[in-house]
Amino acid sequence: MRGQGKRAAVCGIIGALLLLLTGCEGDLLPKARDITTVELMQVIALDKGEGGNLIVTAASGTHSGGQSGEPKPPVVLKGESSTVFGACMSIQSEGNGYASFGHVEQCVLSAKATEQSMSSLLDFLERDPEMRMEAHLYVTEQDPAAELLTEVDEKEQSAAERLEAIGRELTIESFGWPVTVRDFMIDMEENSCGLLPVLKLVEEEKKKTIRCESMGWIQNGDYQGTLPPEQARAAAILEGKLDTGGIELHLSDGSVAGLKLTQANCTLDPVWSGGRLTGISIHVDAKADLAELQGPADLYSGAVQKELSQGMERQLKGDVQELLALSQKEEADFLHMERKLRVKSPAKSGEMEAHWEEWFPELNMSVEVHSVIERSYDLNRQEAAA
């Protein structure tokens with residue numbers, strides 16, 4: 001009897017799954033469509049429209065040229081409505097087929113429209129079954145944001161291809177890191193603050209392309225400004241997102257050293273006094289390779305090696321301090337230090353949650369940086385030979 005019951009349960013589960021596969025029960029899956037009539041959108045940009053409306057501009061990637069061999073330019077469609085959903089629906093009347101948003105991997109918000117578009121976009125992305133929560137989210141001061149999709153030189157790279165490349169390059173160039181819709185929604189839900197990569201349209205060799213050189217901070221759904229590149233690098237260090245980066249140091253003898261960051265680990269420790277959080281102790285361990293040296297400096301000299309290490313520590317410490325000072329001044333915990341400290345001190349989690357907004361602006365931020373600079377391969381080989 002027991003075996004028959006198990007078989008019946010298994011058969012019931014299989015039957016339910018078959019119903020889903022055959023489409024006999026509701027509209028749980030997107031409607032099947034002829035692939036030849038579907039246009040796959042890969043990137044969308046949101047701008048402020050008239051009368052409180054939102055404008056959604058959607059673009060596909062570059063199309064294969066087929067037998068002709070000549071690639072076809074991306075399809076760019078535009079819709080306007082009071083909601084992101086309505087704008088996307090109106091886009092359906094613009095093309096010759098059905099515009100699918102299930103392949104959107106990049107979303108760009110206009111800085112002028114973030115307060116209005118942020119909540120609408122995030123709500124739409126969360127509810128729509130086609131949209132991807134792993135799509136990357138960006139903000140831009142370019143007005144309108146749609147120009148990032150329409151003005152870029154398509155012969156070099158489409159906007160979708162360029163944004164995909166930027167997502168890979170961010171951590172390499174130390175300007176920031178990719179932020180997914182899912183991660184940003186978690187940040188917003190926690191304290192209405194977060195960081196996003198900032199895009200801009202630039203002209204290089206008489207051709208327009210998209211660049212990202214820093215992070216911008218959002219508070220209460222509104223774009224507040226762009227961090228200087230050095231502070232964006234400091235944010236990457238504090239968030240554990242740094243892969244590599246570059247620092248130039250000017251030495252006392254006039255030499256200039258180029259250092260390539262290879263590692264940066266950060267630890268945060270709460271400082272308590274009388275049941276109150278009074279400060280945060282921040283310790284950064286950084287490693288770098290000596291990438292280049294111009295000038296008379298003798299790398300075999302202990303004094304020069306010490307000057308290099310101290311210079312790197314001073315630079316990184318100053319960048320971190322300036323970033324933290326901005327965060328406290330604006331009372332915007334966009335680095336989510338509360339979350340990190342609550343994980344580190346679960347017994348004090350309730351107290352921090354109850355008093356964080358009161359305590360955060362007055363916390364004493366103690367920053368210490370320890371650096372190790374490894375010299376070039378050629379120099380190490382010469383030392384070994386000697």
# chains A, B, ... in the order shown; residues from 1 in each chain; ligands from 1
$ residues_around --residues "range 39-48 of chain A" --least-positions-apart "5" --cutoff "9 Å" --atoms "only C-alpha atoms" --output "VMD selection string"
chain A and resid 53 to 61 75 to 76 84 95 to 114 116 to 117 121 143 to 149 159 to 160 163
$ residues_around --residues "Ile166 in chain A" --least-positions-apart "2" --cutoff "10 Å" --atoms "only C-alpha atoms" --output "list in words"
Ala160, Glu161, Arg162, Leu163, Glu164, Arg168, Glu169, Leu170, Thr171, Ile172, Glu173, Trp177, Pro178, Pro197, Leu199, Ile210, Arg211, Cys212 and Glu213 of chain A
$ write_last_selection --atoms "N, CA and C atoms" --output "PDB file, in the first residue's frame"
ATOM      1  N   ALA A 160      24.461  47.778 -27.396  1.00  0.00           N
ATOM      2  CA  ALA A 160      24.344  46.560 -26.584  1.00  0.00           C
ATOM      3  C   ALA A 160      25.697  45.879 -26.425  1.00  0.00           C
ATOM      4  N   GLU A 161      26.458  45.798 -27.509  1.00  0.00           N
ATOM      5  CA  GLU A 161      27.777  45.163 -27.450  1.00  0.00           C
ATOM      6  C   GLU A 161      28.741  45.973 -26.597  1.00  0.00           C
ATOM      7  N   ARG A 162      28.669  47.304 -26.720  1.00  0.00           N
ATOM      8  CA  ARG A 162      29.571  48.166 -25.932  1.00  0.00           C
ATOM      9  C   ARG A 162      29.264  48.051 -24.447  1.00  0.00           C
ATOM     10  N   LEU A 163      27.999  48.031 -24.082  1.00  0.00           N
ATOM     11  CA  LEU A 163      27.636  47.926 -22.670  1.00  0.00           C
ATOM     12  C   LEU A 163      28.025  46.562 -22.099  1.00  0.00           C
ATOM     13  N   GLU A 164      27.917  45.543 -22.921  1.00  0.00           N
ATOM     14  CA  GLU A 164      28.353  44.212 -22.488  1.00  0.00           C
ATOM     15  C   GLU A 164      29.848  44.215 -22.191  1.00  0.00           C
ATOM     16  N   ARG A 168      32.331  43.876 -18.457  1.00  0.00           N
ATOM     17  CA  ARG A 168      33.527  43.061 -18.226  1.00  0.00           C
ATOM     18  C   ARG A 168      34.717  43.919 -17.805  1.00  0.00           C
ATOM     19  N   GLU A 169      34.780  45.157 -18.291  1.00  0.00           N
ATOM     20  CA  GLU A 169      35.951  46.006 -18.069  1.00  0.00           C
ATOM     21  C   GLU A 169      35.956  46.717 -16.722  1.00  0.00           C
ATOM     22  N   LEU A 170      34.803  46.907 -16.127  1.00  0.00           N
ATOM     23  CA  LEU A 170      34.700  47.775 -14.950  1.00  0.00           C
ATOM     24  C   LEU A 170      35.681  47.410 -13.844  1.00  0.00           C
ATOM     25  N   THR A 171      35.681  46.161 -13.420  1.00  0.00           N
ATOM     26  CA  THR A 171      36.559  45.770 -12.321  1.00  0.00           C
ATOM     27  C   THR A 171      38.022  45.771 -12.736  1.00  0.00           C
ATOM     28  N   ILE A 172      38.284  45.588 -14.040  1.00  0.00           N
ATOM     29  CA  ILE A 172      39.662  45.609 -14.514  1.00  0.00           C
ATOM     30  C   ILE A 172      40.235  47.019 -14.434  1.00  0.00           C
ATOM     31  N   GLU A 173      39.396  48.016 -14.759  1.00  0.00           N
ATOM     32  CA  GLU A 173      39.860  49.396 -14.783  1.00  0.00           C
ATOM     33  C   GLU A 173      39.727  50.080 -13.433  1.00  0.00           C
ATOM     34  N   TRP A 177      32.143  48.536 -10.517  1.00  0.00           N
ATOM     35  CA  TRP A 177      31.787  47.140 -10.711  1.00  0.00           C
ATOM     36  C   TRP A 177      30.374  47.069 -11.291  1.00  0.00           C
ATOM     37  N   PRO A 178      30.042  45.966 -11.976  1.00  0.00           N
ATOM     38  CA  PRO A 178      28.686  45.828 -12.512  1.00  0.00           C
ATOM     39  C   PRO A 178      27.680  45.650 -11.377  1.00  0.00           C
ATOM     40  N   PRO A 197      27.086  52.226 -11.777  1.00  0.00           N
ATOM     41  CA  PRO A 197      28.064  52.738 -12.740  1.00  0.00           C
ATOM     42  C   PRO A 197      27.456  53.879 -13.556  1.00  0.00           C
ATOM     43  N   LEU A 199      27.475  56.119 -16.973  1.00  0.00           N
ATOM     44  CA  LEU A 199      27.863  56.075 -18.380  1.00  0.00           C
ATOM     45  C   LEU A 199      27.904  57.475 -18.980  1.00  0.00           C
ATOM     46  N   ILE A 210      30.649  54.717 -25.886  1.00  0.00           N
ATOM     47  CA  ILE A 210      30.185  54.824 -24.500  1.00  0.00           C
ATOM     48  C   ILE A 210      31.338  54.497 -23.568  1.00  0.00           C
ATOM     49  N   ARG A 211      31.488  55.311 -22.526  1.00  0.00           N
ATOM     50  CA  ARG A 211      32.515  55.095 -21.510  1.00  0.00           C
ATOM     51  C   ARG A 211      31.890  55.072 -20.119  1.00  0.00           C
ATOM     52  N   CYS A 212      32.578  54.380 -19.213  1.00  0.00           N
ATOM     53  CA  CYS A 212      32.211  54.393 -17.796  1.00  0.00           C
ATOM     54  C   CYS A 212      33.482  54.574 -16.993  1.00  0.00           C
ATOM     55  N   GLU A 213      33.549  55.668 -16.231  1.00  0.00           N
ATOM     56  CA  GLU A 213      34.780  55.976 -15.506  1.00  0.00           C
ATOM     57  C   GLU A 213      34.555  56.196 -14.021  1.00  0.00           C
TER      58      GLU A 213
END
$ closest_residue --among "A:Ser214, A:Ser174, A:Gln219, A:Gln231" --to "Glu189 in chain A" --atoms "only C-alpha atoms"
A:Gln219
$ closest_atom_pairs --of "range 122-231 of chain A" --to "range 320-327 of chain A" --cutoff "12 Å" --atoms "only C-alpha atoms" --output "JSON lines"
{"residue": "A:Cys193", "atom": "CA", "partner": "A:Ser327", "partner_atom": "CA", "distance": 10.3}
{"residue": "A:Gly194", "atom": "CA", "partner": "A:Ser327", "partner_atom": "CA", "distance": 11.0}
{"residue": "A:Leu195", "atom": "CA", "partner": "A:Ser327", "partner_atom": "CA", "distance": 11.5}
{"residue": "A:Met215", "atom": "CA", "partner": "A:Leu323", "partner_atom": "CA", "distance": 11.8}
{"residue": "A:Trp217", "atom": "CA", "partner": "A:Ser327", "partner_atom": "CA", "distance": 9.7}
{"residue": "A:Ile218", "atom": "CA", "partner": "A:Ser327", "partner_atom": "CA", "distance": 11.4}
{"residue": "A:Gln219", "atom": "CA", "partner": "A:Ser327", "partner_atom": "CA", "distance": 10.8}
{"residue": "A:Gln224", "atom": "CA", "partner": "A:Ser327", "partner_atom": "CA", "distance": 11.5}
{"residue": "A:Gly225", "atom": "CA", "partner": "A:Leu326", "partner_atom": "CA", "distance": 11.2}
{"residue": "A:Thr226", "atom": "CA", "partner": "A:Leu326", "partner_atom": "CA", "distance": 11.6}
{"residue": "A:Leu227", "atom": "CA", "partner": "A:Leu323", "partner_atom": "CA", "distance": 8.3}
{"residue": "A:Pro228", "atom": "CA", "partner": "A:Leu323", "partner_atom": "CA", "distance": 9.2}
{"residue": "A:Pro229", "atom": "CA", "partner": "A:Leu323", "partner_atom": "CA", "distance": 10.8}
{"residue": "A:Glu230", "atom": "CA", "partner": "A:Val320", "partner_atom": "CA", "distance": 8.7}
{"residue": "A:Gln231", "atom": "CA", "partner": "A:Leu323", "partner_atom": "CA", "distance": 5.5}
$ residues_around --residues "His355 in chain A" --least-positions-apart "4" --cutoff "10 Å" --atoms "only C-alpha atoms" --output "PyMOL selection string"
chain A and resi 276-277+350-351+359-360
$ closest_residue --among "A:Ser120, A:Ser192, A:Gln294, A:Ser90" --to "Leu251 in chain A" --atoms "only C-alpha atoms"
A:Gln294
$ atom_distance --atom1 "CA of Gly302 in chain A" --atom2 "CA of Leu290 in chain A"
15.0 Å
$ select_by_dssp --residues "range 218-252 of chain A" --states "strand (DSSP E)" --output "JSON, numbers by chain"
{"A": [218, 219, 222, 223, 224, 225, 226, 245, 246, 247, 248, 249, 250]}
$ write_last_selection --atoms "N, CA and C atoms" --output "compact mmCIF listing (two decimals), in the first residue's frame"
# COMPACT_ATOMS: atom_id res chain seq x y z
N ILE A 218 22.91 56.87 -5.43
CA ILE A 218 21.47 57.07 -5.44
C ILE A 218 20.97 57.08 -4.00
N GLN A 219 20.11 58.03 -3.70
CA GLN A 219 19.49 58.08 -2.37
C GLN A 219 18.00 58.38 -2.53
N ASP A 222 16.74 58.94 -6.00
CA ASP A 222 17.17 60.10 -6.77
C ASP A 222 18.69 60.10 -6.95
N TYR A 223 19.13 60.42 -8.15
CA TYR A 223 20.56 60.50 -8.44
C TYR A 223 21.16 61.71 -7.74
N GLN A 224 22.24 61.49 -6.96
CA GLN A 224 22.83 62.57 -6.17
C GLN A 224 24.13 63.11 -6.76
N GLY A 225 24.83 62.33 -7.55
CA GLY A 225 26.08 62.80 -8.13
C GLY A 225 27.02 61.65 -8.42
N THR A 226 28.14 62.00 -9.08
CA THR A 226 29.15 61.02 -9.48
C THR A 226 30.36 61.13 -8.58
N GLY A 245 43.88 47.79 -10.81
CA GLY A 245 43.79 49.24 -10.93
C GLY A 245 45.19 49.83 -10.98
N GLY A 246 45.28 51.12 -11.24
CA GLY A 246 46.58 51.75 -11.35
C GLY A 246 46.74 52.96 -10.46
N ILE A 247 47.96 53.15 -9.93
CA ILE A 247 48.31 54.31 -9.12
C ILE A 247 49.63 54.86 -9.62
N GLU A 248 49.71 56.17 -9.78
CA GLU A 248 50.97 56.81 -10.13
C GLU A 248 51.48 57.58 -8.92
N LEU A 249 52.74 57.33 -8.55
CA LEU A 249 53.35 58.00 -7.40
C LEU A 249 54.53 58.85 -7.86
N HIS A 250 54.60 60.08 -7.36
CA HIS A 250 55.72 60.98 -7.65
C HIS A 250 56.66 60.95 -6.44
$ select_by_dssp --residues "range 311-346 of chain A" --states "alpha helix (DSSP H)" --output "list of chain:residue names"
A:Gly311, A:Met312, A:Glu313, A:Arg314, A:Gln315, A:Leu316, A:Lys317, A:Gly318, A:Asp319, A:Val320, A:Gln321, A:Glu322, A:Leu323, A:Leu324, A:Ala325, A:Leu326, A:Ser327, A:Gln328, A:Lys329, A:Met337, A:Glu338, A:Arg339, A:Lys340, A:Leu341, A:Arg342, A:Val343, A:Lys344
$ write_last_selection --atoms "N, CA and C atoms" --output "PDB file, in the first residue's frame"
ATOM      1  N   GLY A 311      53.871  55.879   0.064  1.00  0.00           N
ATOM      2  CA  GLY A 311      53.095  56.676  -0.880  1.00  0.00           C
ATOM      3  C   GLY A 311      51.804  55.993  -1.289  1.00  0.00           C
ATOM      4  N   MET A 312      51.874  54.695  -1.534  1.00  0.00           N
ATOM      5  CA  MET A 312      50.673  53.940  -1.898  1.00  0.00           C
ATOM      6  C   MET A 312      49.684  53.906  -0.731  1.00  0.00           C
ATOM      7  N   GLU A 313      50.184  53.681   0.474  1.00  0.00           N
ATOM      8  CA  GLU A 313      49.310  53.644   1.643  1.00  0.00           C
ATOM      9  C   GLU A 313      48.640  54.995   1.870  1.00  0.00           C
ATOM     10  N   ARG A 314      49.396  56.067   1.707  1.00  0.00           N
ATOM     11  CA  ARG A 314      48.850  57.410   1.903  1.00  0.00           C
ATOM     12  C   ARG A 314      47.761  57.714   0.870  1.00  0.00           C
ATOM     13  N   GLN A 315      47.994  57.306  -0.386  1.00  0.00           N
ATOM     14  CA  GLN A 315      47.024  57.552  -1.451  1.00  0.00           C
ATOM     15  C   GLN A 315      45.711  56.806  -1.185  1.00  0.00           C
ATOM     16  N   LEU A 316      45.816  55.513  -0.911  1.00  0.00           N
ATOM     17  CA  LEU A 316      44.606  54.715  -0.695  1.00  0.00           C
ATOM     18  C   LEU A 316      43.867  55.145   0.569  1.00  0.00           C
ATOM     19  N   LYS A 317      44.608  55.457   1.626  1.00  0.00           N
ATOM     20  CA  LYS A 317      43.973  55.889   2.866  1.00  0.00           C
ATOM     21  C   LYS A 317      43.201  57.188   2.661  1.00  0.00           C
ATOM     22  N   GLY A 318      43.819  58.134   1.950  1.00  0.00           N
ATOM     23  CA  GLY A 318      43.141  59.400   1.688  1.00  0.00           C
ATOM     24  C   GLY A 318      41.878  59.217   0.868  1.00  0.00           C
ATOM     25  N   ASP A 319      41.924  58.337  -0.135  1.00  0.00           N
ATOM     26  CA  ASP A 319      40.746  58.088  -0.969  1.00  0.00           C
ATOM     27  C   ASP A 319      39.606  57.494  -0.144  1.00  0.00           C
ATOM     28  N   VAL A 320      39.928  56.524   0.714  1.00  0.00           N
ATOM     29  CA  VAL A 320      38.905  55.890   1.548  1.00  0.00           C
ATOM     30  C   VAL A 320      38.319  56.900   2.534  1.00  0.00           C
ATOM     31  N   GLN A 321      39.151  57.710   3.146  1.00  0.00           N
ATOM     32  CA  GLN A 321      38.668  58.708   4.100  1.00  0.00           C
ATOM     33  C   GLN A 321      37.741  59.724   3.448  1.00  0.00           C
ATOM     34  N   GLU A 322      38.090  60.180   2.251  1.00  0.00           N
ATOM     35  CA  GLU A 322      37.244  61.148   1.556  1.00  0.00           C
ATOM     36  C   GLU A 322      35.891  60.540   1.197  1.00  0.00           C
ATOM     37  N   LEU A 323      35.889  59.277   0.787  1.00  0.00           N
ATOM     38  CA  LEU A 323      34.633  58.610   0.454  1.00  0.00           C
ATOM     39  C   LEU A 323      33.752  58.467   1.692  1.00  0.00           C
ATOM     40  N   LEU A 324      34.341  58.046   2.803  1.00  0.00           N
ATOM     41  CA  LEU A 324      33.568  57.890   4.031  1.00  0.00           C
ATOM     42  C   LEU A 324      33.049  59.221   4.539  1.00  0.00           C
ATOM     43  N   ALA A 325      33.848  60.272   4.403  1.00  0.00           N
ATOM     44  CA  ALA A 325      33.418  61.603   4.834  1.00  0.00           C
ATOM     45  C   ALA A 325      32.192  62.055   4.038  1.00  0.00           C
ATOM     46  N   LEU A 326      32.179  61.787   2.729  1.00  0.00           N
ATOM     47  CA  LEU A 326      31.023  62.132   1.905  1.00  0.00           C
ATOM     48  C   LEU A 326      29.793  61.359   2.346  1.00  0.00           C
ATOM     49  N   SER A 327      29.969  60.066   2.571  1.00  0.00           N
ATOM     50  CA  SER A 327      28.855  59.223   2.985  1.00  0.00           C
ATOM     51  C   SER A 327      28.241  59.710   4.301  1.00  0.00           C
ATOM     52  N   GLN A 328      29.088  60.075   5.254  1.00  0.00           N
ATOM     53  CA  GLN A 328      28.582  60.550   6.544  1.00  0.00           C
ATOM     54  C   GLN A 328      27.965  61.938   6.435  1.00  0.00           C
ATOM     55  N   LYS A 329      28.590  62.808   5.670  1.00  0.00           N
ATOM     56  CA  LYS A 329      28.063  64.163   5.511  1.00  0.00           C
ATOM     57  C   LYS A 329      26.656  64.149   4.920  1.00  0.00           C
ATOM     58  N   MET A 337      27.433  49.790   5.199  1.00  0.00           N
ATOM     59  CA  MET A 337      28.299  49.390   6.299  1.00  0.00           C
ATOM     60  C   MET A 337      27.493  48.781   7.440  1.00  0.00           C
ATOM     61  N   GLU A 338      26.262  49.250   7.612  1.00  0.00           N
ATOM     62  CA  GLU A 338      25.424  48.661   8.657  1.00  0.00           C
ATOM     63  C   GLU A 338      25.232  47.177   8.418  1.00  0.00           C
ATOM     64  N   ARG A 339      24.954  46.798   7.177  1.00  0.00           N
ATOM     65  CA  ARG A 339      24.741  45.389   6.846  1.00  0.00           C
ATOM     66  C   ARG A 339      25.981  44.565   7.154  1.00  0.00           C
ATOM     67  N   LYS A 340      27.136  45.093   6.797  1.00  0.00           N
ATOM     68  CA  LYS A 340      28.385  44.360   7.035  1.00  0.00           C
ATOM     69  C   LYS A 340      28.646  44.191   8.525  1.00  0.00           C
ATOM     70  N   LEU A 341      28.399  45.245   9.305  1.00  0.00           N
ATOM     71  CA  LEU A 341      28.671  45.185  10.739  1.00  0.00           C
ATOM     72  C   LEU A 341      27.669  44.291  11.468  1.00  0.00           C
ATOM     73  N   ARG A 342      26.436  44.279  10.994  1.00  0.00           N
ATOM     74  CA  ARG A 342      25.424  43.423  11.635  1.00  0.00           C
ATOM     75  C   ARG A 342      25.747  41.952  11.421  1.00  0.00           C
ATOM     76  N   VAL A 343      26.304  41.637  10.251  1.00  0.00           N
ATOM     77  CA  VAL A 343      26.738  40.260   9.989  1.00  0.00           C
ATOM     78  C   VAL A 343      27.915  39.905  10.896  1.00  0.00           C
ATOM     79  N   LYS A 344      28.797  40.882  11.100  1.00  0.00           N
ATOM     80  CA  LYS A 344      29.992  40.643  11.908  1.00  0.00           C
ATOM     81  C   LYS A 344      29.654  40.546  13.396  1.00  0.00           C
TER      82      LYS A 344
END
$ atom_distance --atom1 "CA of Ile91 in chain A" --atom2 "CA of Met118 in chain A"
19.7 Å
$ closest_residue --among "A:Trp272, A:Tyr138, A:Trp356, A:Phe184" --to "Leu122 in chain A" --atoms "only C-alpha atoms"
A:Phe184
$ atom_distance --atom1 "CA of Leu259 in chain A" --atom2 "CA of Glu292 in chain A"
7.1 Å
$ residues_around --residues "Ala288 in chain A" --least-positions-apart "5" --cutoff "10 Å" --atoms "only C-alpha atoms" --output "list in words"
Thr244, Gly245, Gly246, Ile247, Gly258, Leu259, Lys260, Leu261, Thr262, Gln263, Ala264, Ser309, Met312, Ser371, Val372, Ile373, Glu374 and Arg375 of chain A
$ write_last_selection --atoms "C-alpha atoms" --output "CSV table (one decimal), in the first residue's frame"
chain,number,residue,atom,x,y,z
A,244,THR,CA,43.0,45.6,-10.5
A,245,GLY,CA,43.8,49.2,-10.9
A,246,GLY,CA,46.6,51.8,-11.4
A,247,ILE,CA,48.3,54.3,-9.1
A,258,GLY,CA,53.4,53.3,-12.0
A,259,LEU,CA,51.8,50.7,-9.6
A,260,LYS,CA,49.3,48.0,-10.7
A,261,LEU,CA,47.0,47.0,-7.9
A,262,THR,CA,46.7,43.3,-7.8
A,263,GLN,CA,44.8,42.7,-4.5
A,264,ALA,CA,42.9,44.7,-1.9
A,309,SER,CA,55.0,51.7,0.1
A,312,MET,CA,50.7,53.9,-1.9
A,371,SER,CA,50.7,47.7,1.4
A,372,VAL,CA,53.1,45.3,-0.2
A,373,ILE,CA,54.8,46.3,-3.5
A,374,GLU,CA,56.3,43.5,-5.5
A,375,ARG,CA,58.9,44.6,-8.0
$ closest_residue --among "A:Gly52, A:Pro296, A:Gly221, A:Gly176" --to "Leu242 in chain A" --atoms "only C-alpha atoms"
A:Gly176
